[in-house]
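Okay, upload18.cif now, which holds mmCIF, C-alpha atoms:
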```cif
data_protein
loop_
_atom_site.label_atom_id
_atom_site.label_comp_id
_atom_site.auth_asym_id
_atom_site.auth_seq_id
_atom_site.Cartn_x
_atom_site.Cartn_y
_atom_site.Cartn_z
CA MET A 754 9.09 13.58 31.71
CA ASP A 755 12.45 12.45 30.35
CA VAL A 756 12.24 8.73 29.61
CA GLU A 757 16.01 8.33 29.79
CA ALA A 758 15.99 9.90 33.27
CA VAL A 759 13.32 7.37 34.30
CA ARG A 760 15.45 4.58 32.83
CA THR A 761 18.45 5.85 34.78
CA PHE A 762 16.50 5.96 38.05
CA VAL A 763 15.42 2.34 37.60
CA ALA A 764 19.00 1.31 36.84
CA VAL A 765 20.26 3.00 40.03
CA ALA A 766 17.44 1.49 42.10
CA ASP A 767 18.23 -2.00 40.77
CA GLY A 768 22.00 -1.75 41.02
CA GLY A 769 22.32 0.35 44.13
CA GLN A 770 25.25 2.30 42.67
CA PHE A 771 25.51 5.31 40.39
CA GLN A 772 28.58 3.80 38.75
CA ALA A 773 26.83 0.49 38.16
CA ALA A 774 23.98 2.34 36.45
CA ALA A 775 26.50 4.33 34.39
CA ASP A 776 28.18 1.12 33.24
CA GLU A 777 24.84 -0.48 32.34
CA LEU A 778 23.64 2.52 30.36
CA GLY A 779 27.00 3.32 28.75
CA ILE A 780 27.19 6.86 30.13
CA SER A 781 29.33 8.66 32.69
CA GLN A 782 28.58 8.73 36.42
CA GLN A 783 28.23 12.51 36.12
CA ALA A 784 25.51 12.03 33.46
CA VAL A 785 23.68 9.64 35.82
CA SER A 786 23.76 12.26 38.58
CA LYS A 787 22.43 14.97 36.23
CA ARG A 788 19.58 12.79 35.03
CA ILE A 789 18.51 11.84 38.56
CA ALA A 790 18.69 15.47 39.71
CA ALA A 791 16.57 16.60 36.74
CA LEU A 792 13.95 13.90 37.42
CA GLU A 793 13.77 14.84 41.10
CA ARG A 794 13.29 18.50 40.17
CA HIS A 795 10.53 17.54 37.74
CA LEU A 796 8.71 15.46 40.38
CA ASP A 797 9.66 17.79 43.25
CA VAL A 798 10.65 14.86 45.48
CA ALA A 799 13.84 13.07 46.46
CA LEU A 800 13.81 9.67 44.80
CA LEU A 801 17.06 8.26 46.18
CA VAL A 802 18.73 8.15 49.56
CA ARG A 803 22.54 8.33 49.28
CA THR A 804 24.47 6.24 51.79
CA SER A 805 28.08 5.25 52.23
CA ARG A 806 27.24 1.89 50.64
CA GLY A 807 25.49 3.37 47.63
CA SER A 808 21.96 4.53 46.93
CA ARG A 809 18.51 3.15 47.60
CA PRO A 810 15.02 4.43 46.78
CA SER A 811 13.48 6.83 49.27
CA LEU A 812 9.89 6.32 50.38
CA ASP A 813 8.78 8.44 47.40
CA GLY A 814 11.19 6.53 45.23
CA GLN A 815 9.68 3.21 46.33
CA VAL A 816 6.22 4.50 45.39
CA PHE A 817 7.48 5.79 42.01
CA LEU A 818 9.55 2.72 41.09
CA PRO A 819 6.74 0.37 39.90
CA HIS A 820 5.26 3.19 37.83
CA ALA A 821 8.68 3.88 36.36
CA ARG A 822 8.96 0.26 35.29
CA LYS A 823 5.53 0.47 33.64
CA ILE A 824 6.63 3.60 31.77
CA LEU A 825 9.68 1.82 30.40
CA THR A 826 7.60 -1.22 29.42
CA ALA A 827 5.08 1.00 27.60
CA VAL A 828 7.86 2.80 25.76
CA GLU A 829 9.41 -0.52 24.71
CA GLN A 830 6.04 -1.80 23.47
CA ALA A 831 5.38 1.43 21.57
CA GLU A 832 8.78 1.26 19.88
CA HIS A 833 8.28 -2.39 19.00
CA ALA A 834 4.84 -1.67 17.54
CA VAL A 835 6.27 0.60 14.84
CA ARG A 836 9.55 -1.20 14.25
CA PRO A 837 9.80 -2.36 10.59
CA GLY A 838 8.24 -5.80 10.28
CA SER A 839 6.53 -5.75 13.67
CA ARG A 840 3.09 -5.03 12.19
CA PRO A 841 1.29 -6.15 9.03
CA LEU A 842 2.15 -4.46 5.75
CA ARG A 843 -0.95 -2.49 4.76
CA VAL A 844 -1.43 -2.32 0.97
CA ASP A 845 -4.17 -0.63 -1.04
CA VAL A 846 -5.05 -2.65 -4.16
CA LEU A 847 -7.86 -0.29 -5.30
CA ASN A 848 -10.24 -3.07 -6.39
CA ARG A 849 -10.20 -6.74 -5.43
CA ARG A 850 -11.01 -7.93 -8.98
CA ILE A 851 -8.12 -6.31 -10.82
CA ALA A 852 -4.41 -6.99 -11.42
CA PRO A 853 -2.87 -5.52 -8.24
CA ALA A 854 -5.15 -7.57 -6.00
CA GLN A 855 -4.41 -10.72 -7.98
CA ALA A 856 -0.65 -10.05 -7.88
CA VAL A 857 -0.66 -9.42 -4.12
CA TYR A 858 -2.77 -12.56 -3.63
CA ARG A 859 -0.24 -14.64 -5.58
CA PHE A 860 2.52 -13.12 -3.44
CA TYR A 861 0.64 -14.15 -0.30
CA ARG A 862 0.01 -17.66 -1.65
CA SER A 863 3.76 -18.04 -2.16
CA ARG A 864 4.40 -16.90 1.44
CA PRO A 865 1.30 -17.86 3.47
CA ASP A 866 2.87 -16.79 6.77
CA THR A 867 3.33 -13.21 5.56
CA ASP A 868 1.78 -10.58 7.84
CA LEU A 869 -0.30 -8.65 5.31
CA ASP A 870 -3.33 -6.37 5.43
CA VAL A 871 -5.02 -5.67 2.08
CA VAL A 872 -7.48 -2.77 1.72
CA THR A 873 -9.29 -1.00 -1.13
CA LEU A 874 -9.29 2.80 -1.17
CA SER A 875 -11.76 2.68 -4.03
CA ARG A 876 -13.17 6.19 -3.52
CA GLU A 877 -9.80 7.95 -3.44
CA ASN A 878 -8.10 9.19 -6.60
CA ALA A 879 -4.37 8.72 -7.20
CA ALA A 880 -3.36 11.96 -5.46
CA GLN A 881 -5.48 11.12 -2.42
CA ALA A 882 -4.08 7.60 -2.27
CA ALA A 883 -0.53 8.99 -2.42
CA GLN A 884 -1.42 11.30 0.47
CA ALA A 885 -2.70 8.28 2.42
CA VAL A 886 0.72 6.68 1.94
CA LEU A 887 2.47 9.84 3.14
CA GLU A 888 0.24 10.01 6.20
CA GLY A 889 0.79 6.34 7.03
CA THR A 890 -2.81 5.24 6.51
CA VAL A 891 -1.38 2.61 4.16
CA ASP A 892 2.20 1.56 3.46
CA ALA A 893 1.76 1.32 -0.30
CA THR A 894 -0.80 1.68 -3.06
CA PHE A 895 -1.08 0.72 -6.73
CA ARG A 896 -2.01 3.73 -8.86
CA ALA A 897 -1.46 5.24 -12.29
CA LEU A 898 -0.01 8.59 -11.30
CA PRO A 899 1.68 10.93 -13.81
CA ALA A 900 5.41 11.07 -13.19
CA ASP A 901 5.33 14.84 -12.65
CA GLN A 902 2.63 14.51 -9.99
CA VAL A 903 4.47 12.12 -7.66
CA PRO A 904 4.68 14.09 -4.38
CA ALA A 905 7.86 14.64 -2.41
CA GLY A 906 8.49 11.79 0.01
CA ILE A 907 6.93 9.18 -2.31
CA SER A 908 8.87 6.70 -4.44
CA ALA A 909 7.08 5.46 -7.56
CA GLU A 910 7.81 2.24 -9.41
CA ARG A 911 5.80 1.18 -12.46
CA ILE A 912 5.86 -2.46 -11.67
CA LEU A 913 2.65 -3.98 -13.06
CA ASP A 914 1.52 -3.20 -16.60
CA ALA A 915 -1.87 -4.86 -17.05
CA PRO A 916 -2.76 -5.64 -20.71
CA LEU A 917 -6.33 -4.79 -21.69
CA GLN A 918 -8.77 -7.06 -23.50
CA LEU A 919 -12.07 -6.41 -25.21
CA LEU A 920 -15.07 -8.04 -23.54
CA VAL A 921 -18.17 -8.57 -25.71
CA GLY A 922 -21.28 -10.67 -25.95
CA PRO A 923 -21.70 -13.51 -28.47
CA GLY A 924 -23.62 -11.32 -30.91
CA HIS A 925 -20.98 -8.62 -31.21
CA PRO A 926 -19.24 -8.33 -34.62
CA LEU A 927 -15.85 -8.89 -32.96
CA ALA A 928 -16.94 -11.80 -30.76
CA ASN A 929 -15.10 -14.42 -32.84
CA ALA A 930 -12.03 -12.38 -33.70
CA PRO A 931 -8.76 -14.00 -32.53
CA ALA A 932 -7.45 -10.51 -31.74
CA VAL A 933 -8.12 -6.92 -32.74
CA ARG A 934 -6.10 -3.74 -32.98
CA PRO A 935 -7.11 -0.79 -30.77
CA ALA A 936 -7.67 1.28 -33.91
CA ASP A 937 -10.24 -1.31 -35.07
CA LEU A 938 -12.46 -0.29 -32.16
CA ALA A 939 -13.00 3.21 -33.54
CA ALA A 940 -16.25 2.12 -35.18
CA HIS A 941 -17.61 0.49 -32.01
CA ARG A 942 -19.03 1.87 -28.78
CA VAL A 943 -16.91 1.00 -25.75
CA TRP A 944 -18.79 1.40 -22.50
CA VAL A 945 -16.90 1.58 -19.19
CA PRO A 946 -19.47 2.55 -16.55
CA GLY A 947 -18.31 4.10 -13.30
CA ILE A 948 -15.48 6.26 -14.64
CA ARG A 949 -15.36 9.29 -12.34
CA PRO A 950 -13.87 12.59 -13.54
CA GLY A 951 -10.59 13.45 -11.84
CA THR A 952 -9.53 9.83 -11.34
CA GLU A 953 -6.55 8.09 -12.87
CA TRP A 954 -9.01 5.82 -14.71
CA SER A 955 -10.54 8.83 -16.41
CA ALA A 956 -7.10 10.14 -17.40
CA PHE A 957 -6.11 6.73 -18.76
CA TYR A 958 -9.23 6.27 -20.89
CA ASP A 959 -9.00 9.85 -22.15
CA ALA A 960 -5.42 9.18 -23.31
CA LEU A 961 -6.43 5.85 -24.88
CA SER A 962 -9.36 7.46 -26.73
CA GLU A 963 -7.20 10.28 -28.05
CA GLU A 964 -4.39 7.97 -29.16
CA PHE A 965 -6.57 5.58 -31.15
CA GLY A 966 -9.64 7.67 -32.00
CA LEU A 967 -11.96 5.61 -29.82
CA SER A 968 -15.38 6.37 -28.39
CA ILE A 969 -15.19 5.34 -24.71
CA ASP A 970 -17.99 6.54 -22.46
CA ALA A 971 -19.45 6.02 -19.02
CA LEU A 972 -22.99 7.13 -19.88
CA GLY A 973 -25.80 6.00 -17.65
CA PRO A 974 -25.89 4.78 -14.06
CA ASN A 975 -23.41 2.21 -12.85
CA PHE A 976 -25.36 -0.76 -11.48
CA GLY A 977 -22.26 -2.85 -10.88
CA ASP A 978 -20.30 -5.56 -12.65
CA GLU A 979 -23.16 -8.06 -12.83
CA ALA A 980 -25.41 -5.56 -14.60
CA LEU A 981 -22.59 -4.75 -17.03
CA MET A 982 -22.20 -8.44 -17.89
CA ASP A 983 -25.96 -8.74 -18.43
CA ALA A 984 -25.91 -5.74 -20.79
CA LEU A 985 -23.00 -7.15 -22.81
CA ALA A 986 -24.68 -10.53 -23.16
CA ASP A 987 -27.88 -8.94 -24.51
CA SER A 988 -26.21 -6.49 -26.91
CA ALA A 989 -24.82 -6.93 -30.41
CA SER A 990 -23.03 -3.58 -30.34
CA LEU A 991 -21.83 -2.96 -26.80
CA ALA A 992 -18.25 -3.69 -25.68
CA THR A 993 -16.13 -2.92 -22.64
CA LEU A 994 -12.47 -3.15 -21.67
CA VAL A 995 -11.08 -5.33 -18.89
CA GLY A 996 -7.65 -6.32 -17.70
CA ALA A 997 -6.33 -9.62 -19.01
CA GLY A 998 -6.02 -10.93 -15.46
CA ASP A 999 -9.13 -9.30 -13.96
CA ARG A 1000 -11.48 -11.75 -12.28
CA TYR A 1001 -15.04 -11.30 -13.48
CA LEU A 1002 -17.72 -13.97 -13.28
CA TRP A 1003 -20.85 -14.33 -15.37
CA PRO A 1004 -23.40 -17.07 -16.06
CA ARG A 1005 -22.30 -19.66 -18.60
CA SER A 1006 -25.36 -18.77 -20.70
CA HIS A 1007 -23.99 -15.23 -21.23
CA ASP A 1008 -21.20 -16.70 -23.41
CA LEU A 1009 -19.11 -13.53 -23.09
CA ARG A 1010 -15.86 -13.39 -25.06
CA ARG A 1011 -12.48 -11.95 -24.13
CA VAL A 1012 -10.72 -10.68 -27.24
CA PRO A 1013 -6.99 -9.82 -27.00
CA LEU A 1014 -5.83 -6.40 -28.19
CA HIS A 1015 -2.57 -6.12 -30.10
CA ASP A 1016 -0.52 -3.91 -32.43
CA PRO A 1017 -0.10 -2.38 -29.87
CA THR A 1018 -1.49 -3.88 -26.67
CA PRO A 1019 -2.84 -1.14 -24.39
CA ALA A 1020 -1.73 -1.68 -20.82
CA TYR A 1021 -2.82 0.00 -17.63
CA PRO A 1022 0.37 1.19 -15.87
CA HIS A 1023 -0.14 0.18 -12.24
CA THR A 1024 2.56 2.01 -10.27
CA LEU A 1025 3.54 1.06 -6.73
CA LEU A 1026 3.68 4.15 -4.53
CA ARG A 1027 5.47 3.91 -1.18
CA ARG A 1028 7.08 6.22 1.33
CA THR A 1029 10.67 6.91 0.39
CA GLY A 1030 12.94 5.01 2.76
CA ASP A 1031 10.23 2.67 4.06
CA ARG A 1032 12.12 -0.32 5.45
CA HIS A 1033 9.22 -2.71 6.08
CA PRO A 1034 10.66 -6.14 5.15
CA VAL A 1035 7.39 -7.40 3.66
CA LEU A 1036 7.33 -4.42 1.29
CA THR A 1037 10.81 -5.34 0.10
CA GLU A 1038 9.69 -8.94 -0.45
CA LEU A 1039 6.56 -7.81 -2.32
CA ARG A 1040 8.56 -5.57 -4.67
CA ASP A 1041 11.05 -8.37 -5.37
CA HIS A 1042 8.19 -10.79 -6.04
CA LEU A 1043 6.47 -8.42 -8.45
CA ARG A 1044 9.70 -7.79 -10.34
CA THR A 1045 10.55 -11.46 -10.73
CA THR A 1046 7.06 -12.67 -11.62
CA ALA A 1047 6.07 -9.89 -14.03
CA PRO A 1048 5.32 -11.50 -17.43
CA ASP A 1049 7.46 -10.47 -20.36
CA PRO A 1050 5.32 -8.37 -22.70
CA SER A 1051 4.57 -10.07 -25.99
CA GLY A 1052 4.65 -7.53 -28.79
CA GLU A 1053 4.41 -3.78 -28.58
CA MET A 1054 2.76 -2.29 -25.51
CA TRP A 1055 1.09 1.10 -25.19
CA VAL A 1056 0.85 3.14 -22.00
CA PRO A 1057 0.01 6.85 -21.70
CA ARG A 1058 2.89 9.24 -22.26
CA TRP A 1059 2.40 10.64 -18.76
CA ALA A 1060 2.88 7.28 -17.03
CA CYS A 1061 5.81 6.84 -14.68
CA PRO A 1062 8.74 5.10 -16.34
CA GLY A 1063 9.23 1.39 -15.75
CA GLY A 1064 11.56 0.47 -12.93
CA GLY A 1065 12.17 2.25 -9.63
CA THR A 1066 12.54 5.98 -9.03
#
```

Do you think you could lay out the structure here as structure tokens?
Amino acid sequence: MDVEAVRTFVAVADGGQFQAAADELGISQQAVSKRIAALERHLDVALLVRTSRGSRPSLDGQVFLPHARKILTAVEQAEHAVRPGSRPLRVDVLNRRIAPAQAVYRFYRSRPDTDLDVVTLSRENAAQAAQAVLEGTVDATFRALPADQVPAGISAERILDAPLQLLVGPGHPLANAPAVRPADLAAHRVWVPGIRPGTEWSAFYDALSEEFGLSIDALGPNFGDEALMDALADSASLATLVGAGDRYLWPRSHDLRRVPLHDPTPAYPHTLLRRTGDRHPVLTELRDHLRTTAPDPSGEMWVPRWACPGGGT
């Protein structure tokens, strides 16, 4: 059924004149006549009775009129539901402990009335998350996707480089170091449990290991963050890597130490992926916020060669 024909019928029924309906809809009287005739053929009934004083709904037209109004109301509601800004912005932050989640949370704190829906597609790799953006499951996601793998229809902006730190227990040889170079970790075991093959995390740590000659592994079962913190506290040789702004909690008695990495500082290149041309106003505000609040890097930073370039594409 042609919605515009239904709209035209309602306009004629309300105004009583084909010309009045034409003026209201901004079309010609001939176009009004064609639309009404097409709708009557579709329904196989006469909807209007033409008189010398104009037109009024027939008996069938009177029955159809309230349904026609409901159709137009439903169409208006459907259009409003998907109009930019009429629904919450849905953003995948991957993990609620890490930099994207913290950055989006700070954005929300600065604009507490923002209509925002935050999710974690933690089981999806970067390519799958990008597909979720294309399909409209989410409006945007933070991922580390190689520049040559950004799919058509997706705009990528490396907008959040998260510096890494070494996390160790109090008995580790580097526990009291003010800072260490990535190359200094070559003689130490770095354990990052939960790295799954085929994920952007795996690609990142592979590139980091190759660049600096490190031994980074995910051996053994992943019992979660709390178990990792327990293992670090009890070990004099085990270390892991965390983002400088990642939020991890451990008992005070663990006395874990965050040790900055420098010369250069490895950074995880969180890239904002969104549908090209997406006009959601909250997405625009989020991108502006991330650009203006991003800290200036201190010293030389390292990101994988395959990372998307900084700035928008």

Once the PyMOL selection byres ((chain A and resi 849) around 12) has been evaluated on this model, what residues remain selected, and can you format them as a ChimeraX atom specification?
/A:844-848,850-858,871-875,895,998-1001

Hits of the PyMOL selection byres ((chain A and resi 920-935) around 9) in this structure, as a PyMOL selection string:
chain A and resi 918-919+936-939+961+965-967+982+984-995+1007-1019

Those selected residues, please, written with C-alpha atoms and delivered as a compact mmCIF listing (two decimals), in the frame of the given file.
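And here's result_14.txt as it stands now:
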```
# COMPACT_ATOMS: atom_id res chain seq x y z
CA GLN A 918 -8.77 -7.06 -23.50
CA LEU A 919 -12.07 -6.41 -25.21
CA ALA A 936 -7.67 1.28 -33.91
CA ASP A 937 -10.24 -1.31 -35.07
CA LEU A 938 -12.46 -0.29 -32.16
CA ALA A 939 -13.00 3.21 -33.54
CA LEU A 961 -6.43 5.85 -24.88
CA PHE A 965 -6.57 5.58 -31.15
CA GLY A 966 -9.64 7.67 -32.00
CA LEU A 967 -11.96 5.61 -29.82
CA MET A 982 -22.20 -8.44 -17.89
CA ALA A 984 -25.91 -5.74 -20.79
CA LEU A 985 -23.00 -7.15 -22.81
CA ALA A 986 -24.68 -10.53 -23.16
CA ASP A 987 -27.88 -8.94 -24.51
CA SER A 988 -26.21 -6.49 -26.91
CA ALA A 989 -24.82 -6.93 -30.41
CA SER A 990 -23.03 -3.58 -30.34
CA LEU A 991 -21.83 -2.96 -26.80
CA ALA A 992 -18.25 -3.69 -25.68
CA THR A 993 -16.13 -2.92 -22.64
CA LEU A 994 -12.47 -3.15 -21.67
CA VAL A 995 -11.08 -5.33 -18.89
CA HIS A 1007 -23.99 -15.23 -21.23
CA ASP A 1008 -21.20 -16.70 -23.41
CA LEU A 1009 -19.11 -13.53 -23.09
CA ARG A 1010 -15.86 -13.39 -25.06
CA ARG A 1011 -12.48 -11.95 -24.13
CA VAL A 1012 -10.72 -10.68 -27.24
CA PRO A 1013 -6.99 -9.82 -27.00
CA LEU A 1014 -5.83 -6.40 -28.19
CA HIS A 1015 -2.57 -6.12 -30.10
CA ASP A 1016 -0.52 -3.91 -32.43
CA PRO A 1017 -0.10 -2.38 -29.87
CA THR A 1018 -1.49 -3.88 -26.67
CA PRO A 1019 -2.84 -1.14 -24.39
```

Applying 10 Å and all atoms listed in the file, which residues near Arg803 of chain A remain after dropping the ones on its own chain fewer than 5 positions away? List them as a PyMOL selection string.
chain A and resi 769-771+808-811

Non-local contacts of Trp1059 of chain A (10 Å; only C-alpha atoms; under 5 positions in same chain excluded) as a PyMOL selection string
chain A and resi 897-902+956-957+960

Pick from A:Arg843, A:Arg1028, A:His795, A:Arg859 nearest to Ala905 of chain A, counting only C-alpha atoms
A:Arg1028

Show me a table, sorted first by chain and then by increasing residue number, of the residues of segment 921-999 of chain A having an atom at most 8 Å from segment 878-884 of chain A, each with its shortest atom pair and the distance in Å to one decimal, counting only C-alpha atoms and written as CSV.
```
residue,atom,partner,partner_atom,distance
A:Gly951,CA,A:Asn878,CA,7.2
A:Thr952,CA,A:Asn878,CA,5.0
A:Glu953,CA,A:Ala879,CA,6.1
```

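Closest approach to Ala997 of chain A from the set A:Leu917, A:Ala790, A:Leu1039, A:Cys1061 is made by A:Leu917, with distances taken over all atoms listed in the file.
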
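Of the residues listed (A:Gly996, A:Pro1062, A:Ala909, A:Asp978), A:Ala909 shows the shortest atom-to-atom separation from Gly1030 of chain A; distances use only C-alpha atoms.
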
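Distances to Arg1044 of chain A were evaluated for A:Pro819, A:Pro974, A:Gly814, A:Gly1063 using all atoms listed in the file, and the minimum falls at A:Gly1063.
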
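Near segment 775-786 of chain A, within 9 Å and counting all atoms listed in the file, sit Ala758, Arg760, Thr761, Phe762, Ala764, Val765, Gln770, Phe771, Gln772, Ile789, Ala790 and Ala791 of chain A, not including residues fewer than 3 positions from it in the same chain.
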
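Residues captured in this structure file are Asp914, Ala915, Pro916, Leu917, Thr1018, Pro1019, Tyr1021, Pro1022, Met1054, Trp1055 and Val1056 of chain A, according to the PyMOL selection byres ((chain A and resi 1020) around 8).
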
Just to be explicit: take each residue in the selection above, keep C-alpha atoms, and write the result as a PDB file, keeping the file's coordinate frame.
```pdb
ATOM      1  CA  ASP A 914       1.520  -3.200 -16.600  1.00  0.00           C
ATOM      2  CA  ALA A 915      -1.870  -4.860 -17.050  1.00  0.00           C
ATOM      3  CA  PRO A 916      -2.760  -5.640 -20.710  1.00  0.00           C
ATOM      4  CA  LEU A 917      -6.330  -4.790 -21.690  1.00  0.00           C
ATOM      5  CA  THR A1018      -1.490  -3.880 -26.670  1.00  0.00           C
ATOM      6  CA  PRO A1019      -2.840  -1.140 -24.390  1.00  0.00           C
ATOM      7  CA  TYR A1021      -2.820   0.000 -17.630  1.00  0.00           C
ATOM      8  CA  PRO A1022       0.370   1.190 -15.870  1.00  0.00           C
ATOM      9  CA  MET A1054       2.760  -2.290 -25.510  1.00  0.00           C
ATOM     10  CA  TRP A1055       1.090   1.100 -25.190  1.00  0.00           C
ATOM     11  CA  VAL A1056       0.850   3.140 -22.000  1.00  0.00           C
TER      12      VAL A1056
END
```

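Atom to atom, atom CA of His833 of chain A and atom CA of Tyr861 of chain A stand 23.9 Å apart.
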
How big is the axis-aligned box around the listed atoms of segment 962-971 of chain A once 4 Å is added on each side, and where is its centre? Give both in Å to one decimal, as lines of an AutoDock Vina configuration file.
```
center_x = -11.9
center_y = 7.8
center_z = -25.5
size_x = 23.1
size_y = 12.9
size_z = 21.0
```

Using all atoms listed in the file, which of the listed residues (A:Leu1025, A:Leu1036, A:Asp755, A:Ala821) sits closest to Lys787 of chain A?
A:Asp755

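A straight line drawn from atom CA of Met754 of chain A to atom CA of Ala799 of chain A is 15.5 Å long.
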
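Comparing A:Leu818, A:Leu1026, A:Val763, A:Val1035 by their smallest distance to Arg896 of chain A, the closest is A:Leu1026 (using all atoms listed in the file).
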
Residue completion, segment 769-793 of chain A, N, CA and C atoms, as a compact mmCIF listing (two decimals), in the coordinates of the input:
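Output (out_18.txt):
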```txt
# COMPACT_ATOMS: atom_id res chain seq x y z
N GLY A 769 21.88 -0.20 42.85
CA GLY A 769 22.32 0.35 44.13
C GLY A 769 23.53 1.26 44.03
N GLN A 770 24.04 1.49 42.86
CA GLN A 770 25.25 2.30 42.67
C GLN A 770 25.09 3.17 41.43
N PHE A 771 25.53 4.44 41.56
CA PHE A 771 25.51 5.31 40.39
C PHE A 771 26.45 4.79 39.31
N GLN A 772 27.61 4.28 39.73
CA GLN A 772 28.58 3.80 38.75
C GLN A 772 28.07 2.55 38.03
N ALA A 773 27.39 1.69 38.79
CA ALA A 773 26.83 0.49 38.16
C ALA A 773 25.79 0.87 37.10
N ALA A 774 24.97 1.87 37.42
CA ALA A 774 23.98 2.34 36.45
C ALA A 774 24.66 2.96 35.23
N ALA A 775 25.75 3.71 35.49
CA ALA A 775 26.50 4.33 34.39
C ALA A 775 27.06 3.27 33.46
N ASP A 776 27.62 2.20 34.05
CA ASP A 776 28.18 1.12 33.24
C ASP A 776 27.10 0.42 32.43
N GLU A 777 25.94 0.20 33.03
CA GLU A 777 24.84 -0.48 32.34
C GLU A 777 24.31 0.34 31.18
N LEU A 778 24.23 1.65 31.38
CA LEU A 778 23.64 2.52 30.36
C LEU A 778 24.67 3.06 29.37
N GLY A 779 25.96 2.84 29.66
CA GLY A 779 27.00 3.32 28.75
C GLY A 779 27.19 4.82 28.79
N ILE A 780 26.99 5.42 29.96
CA ILE A 780 27.19 6.86 30.13
C ILE A 780 28.10 7.10 31.33
N SER A 781 28.44 8.35 31.57
CA SER A 781 29.33 8.66 32.69
C SER A 781 28.53 8.74 33.99
N GLN A 782 29.24 8.61 35.12
CA GLN A 782 28.58 8.73 36.42
C GLN A 782 28.01 10.13 36.59
N GLN A 783 28.72 11.14 36.04
CA GLN A 783 28.23 12.51 36.12
C GLN A 783 26.91 12.65 35.38
N ALA A 784 26.76 11.97 34.22
CA ALA A 784 25.51 12.03 33.46
C ALA A 784 24.37 11.38 34.25
N VAL A 785 24.69 10.29 34.98
CA VAL A 785 23.68 9.64 35.82
C VAL A 785 23.19 10.62 36.88
N SER A 786 24.13 11.31 37.53
CA SER A 786 23.76 12.26 38.58
C SER A 786 22.88 13.38 38.03
N LYS A 787 23.22 13.88 36.83
CA LYS A 787 22.43 14.97 36.23
C LYS A 787 21.02 14.51 35.89
N ARG A 788 20.91 13.29 35.38
CA ARG A 788 19.58 12.79 35.03
C ARG A 788 18.71 12.62 36.26
N ILE A 789 19.28 12.05 37.34
CA ILE A 789 18.51 11.84 38.56
C ILE A 789 18.09 13.18 39.15
N ALA A 790 19.01 14.15 39.16
CA ALA A 790 18.69 15.47 39.71
C ALA A 790 17.56 16.13 38.91
N ALA A 791 17.61 16.01 37.58
CA ALA A 791 16.57 16.60 36.74
C ALA A 791 15.22 15.93 36.99
N LEU A 792 15.21 14.62 37.17
CA LEU A 792 13.95 13.90 37.42
C LEU A 792 13.38 14.30 38.78
N GLU A 793 14.24 14.43 39.77
CA GLU A 793 13.77 14.84 41.10
C GLU A 793 13.21 16.26 41.07
```
